[in-house]
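All remarks here apply to the structure that follows.
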Amino acid sequence: MPEEAKTRVAFLGLGHMGGPMAVNLVKAGYDVIGFDVVPAALDAAREHGIPVAASAPETIPGAEIVLTMFPSGQHVLDAYRGANGEPGLLAAAAPNTMFLDCSTINVDEAREAARLALDAGHRSVDAPVSGGVVGAEAGTLTFMVGALPEDFETVRPLFDVMGKRAVLCGEHGAGQAAKVCNNLILGVSMIAVSEAFVLGEKLGLTHQALFDVASAASGQCWALTTNCPVPGPVPTSPANRDYQPGFAGALMAKDLRLALNALQSTGVAARMGPLASEIYDAFAAEGGAGRDFSGIITDIRDKSGQ
Ligand code: NAD
């Protein structure tokens with residue numbers, strides 16, 4: 001058992017991602033104490049062998065690392081500062097506690113969370129993930145990390161347990177920045193690949209012919225060669241199972257809203273990003289929230305007439 005295996009980790013947010021991530025830490029021998037505001041998530045955690053506390057503050061005594069896996073930045077800031085009469089985690093923690101946030105949140109919020117943690121005498125790492133629930137269960141997530149190098153080294157053993165890759169992208173907020181930039185590319189490229197397939201259909205090209213050309217030419221990208229939006233060319237892509245996610249439309253819509261916020265706050269003269277955000281918001285609102293984001297092709301096809 002590794003030396004780090006006895007590290008005490010307060011794990012808050014035991015949802016779709018946090019639940020299995022916490023299970024992997026428990027299995028690796030970490031001294032995990034979990035909490036979630038939803039009783040059903042607490043029950044599921046207990047069933048999976050995660051010790052749980054009755055409240056968030058009760059997870060804190062003795063914790064060397066406070067790991068959060070929440071839906072949004074507001075949840076993170078509220079939990080750090082305290083809200084609704086509940087004391088904040090930062091005030092409850094012993095000096096120099098590591099605050100590790102793995103939620104996907106706005107870059108500005110991640111920097112604010114780090115500032116609050118540092119001002120309270122703690123350490124801070126932002127480490128959003130990619131790999132989805134399947135990756136969380138299998139322990140194969142990728143972590144995009146914003147941290148001081150020494151803090152990255154402190155939490156790296158946890159990344160090794162919960163994931164297969166961790167990239168130090170820069171200082172506080174850089175993990176969220178990397179994630180939002182990557183998903184901006186992904187959202188825009190999936191729309192482009194989908195429009196190209198629908199255009200190919202109109203022009204009488206088979207899916208396979210377009211795939212064979214583009215996958216070996218300058219149109220090559222992950223949206224085409226791994227998550228191909230038409231069934232056939234890539235048998236493992238969600239298109240072959242009626243667009244079961246995969247990466248759900250709701251999450252792509254969320255991540256593109258974060259990208260849009262970052263584009264606006266930095267003043268980037270972007271046109272594709274805001275449009276992609278609008279397209280995926282509509283997709284999610286019109287039945288695509290629970291479908292793989294590559295299902296956007298069916299919308300494009302439906303709106304293209306016969
Ligand atoms: P989820 O909604 O299933 O889980 C979040 C959990 O946090 C919920 O159970 C909620 O009750 C809990 N929570 C909220 N506030 C809390 C508080 N103050 N204290 C304790 N618990 C609290 O969401 P998820 O799918 O697990 O995603 C978590 C994060 O990971 C999100 O930021 C999401 O964008 C990101 N993410 C998700 C996926 C995915 O495939 N689901 C992939 C990559 C990244």
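Residues are referred to by chain and number: the chain letter is A, B, ... according to the order shown in the structure tokens, the number counts from 1 in that chain, and ligands are numbered separately from 1 in the order shown.
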
TODO: Name each residue within 8 Å of ligand 1, counting only C-alpha atoms and all ligand atoms, as a PyMOL selection string.
DONE: chain A and resi 12-19+35-38+41+56+68-73+75-76+78-79+102-105+128-134+246-248+251+254-255

With a distance cut-off of 9 Å and only C-alpha atoms, select the neighbouring residues of Asp281 of chain A, excluding the residue or stretch itself and same-chain residues fewer than 2 positions from it, and output the selection as a PDB file with C-alpha atoms, in the first residue's frame.
ATOM      1  CA  GLY A 249     -25.744  17.254 -24.702  1.00  0.00           C
ATOM      2  CA  ALA A 250     -26.482  18.922 -21.350  1.00  0.00           C
ATOM      3  CA  MET A 252     -21.651  20.104 -23.735  1.00  0.00           C
ATOM      4  CA  ALA A 253     -24.154  22.951 -23.404  1.00  0.00           C
ATOM      5  CA  LYS A 254     -22.822  23.663 -19.896  1.00  0.00           C
ATOM      6  CA  LEU A 256     -19.843  25.872 -23.940  1.00  0.00           C
ATOM      7  CA  ARG A 257     -21.587  28.354 -21.634  1.00  0.00           C
ATOM      8  CA  ALA A 276     -21.818  26.689 -30.843  1.00  0.00           C
ATOM      9  CA  SER A 277     -23.034  27.611 -27.346  1.00  0.00           C
ATOM     10  CA  GLU A 278     -26.367  28.789 -28.766  1.00  0.00           C
ATOM     11  CA  ILE A 279     -26.703  25.636 -30.899  1.00  0.00           C
ATOM     12  CA  PHE A 283     -30.164  21.033 -28.618  1.00  0.00           C
ATOM     13  CA  ALA A 284     -30.242  20.407 -24.858  1.00  0.00           C
ATOM     14  CA  ALA A 285     -33.541  22.268 -24.418  1.00  0.00           C
ATOM     15  CA  GLU A 286     -35.212  20.410 -27.290  1.00  0.00           C
ATOM     16  CA  ALA A 289     -29.884  16.962 -22.902  1.00  0.00           C
TER      17      ALA A 289
END

TODO: Write out as an NGL selection string the residues lying within 8 Å of Ala113 of chain A, counting only C-alpha atoms and excluding same-chain residues fewer than 4 positions away.
DONE: :A and (76-77 or 80 or 109 or 117)

How about saving the chosen residues, N, CA, C and O atoms kept, as a tab-separated table (two decimals), in the first residue's frame?
chain	number	residue	atom	x	y	z
A	76	VAL	N	-19.29	25.64	-5.35
A	76	VAL	CA	-17.94	25.59	-4.76
A	76	VAL	C	-17.72	26.81	-3.85
A	76	VAL	O	-17.31	26.66	-2.69
A	77	LEU	N	-18.04	28.00	-4.37
A	77	LEU	CA	-17.80	29.23	-3.59
A	77	LEU	C	-18.66	29.24	-2.33
A	77	LEU	O	-18.19	29.61	-1.24
A	80	TYR	N	-17.14	26.80	0.16
A	80	TYR	CA	-15.90	27.33	0.73
A	80	TYR	C	-16.19	28.42	1.76
A	80	TYR	O	-15.63	28.44	2.84
A	109	GLU	N	-14.32	31.90	-11.51
A	109	GLU	CA	-14.74	31.33	-10.22
A	109	GLU	C	-13.62	30.47	-9.62
A	109	GLU	O	-13.43	30.45	-8.40
A	117	ALA	N	-9.13	30.41	-0.73
A	117	ALA	CA	-8.42	29.35	-0.01
A	117	ALA	C	-7.06	29.87	0.47
A	117	ALA	O	-6.68	29.66	1.63

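The two atoms in question, atom CA of Tyr30 of chain A and atom CA of Lys6 of chain A, are spaced 5.1 Å apart.
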
Open item on the list: Among segment 21-234 of chain A, which ones does DSSP assign to strand (DSSP E) (computed from the backbone)? Answer as a count of residues only.
Closed with: 37

TODO: Check the smallest atom-to-atom distance from each of A:Gly173, A:Gly82, A:Gly139, A:Pro87 to Ala110 of chain A using only C-alpha atoms, then report the winner.
DONE: A:Gly173
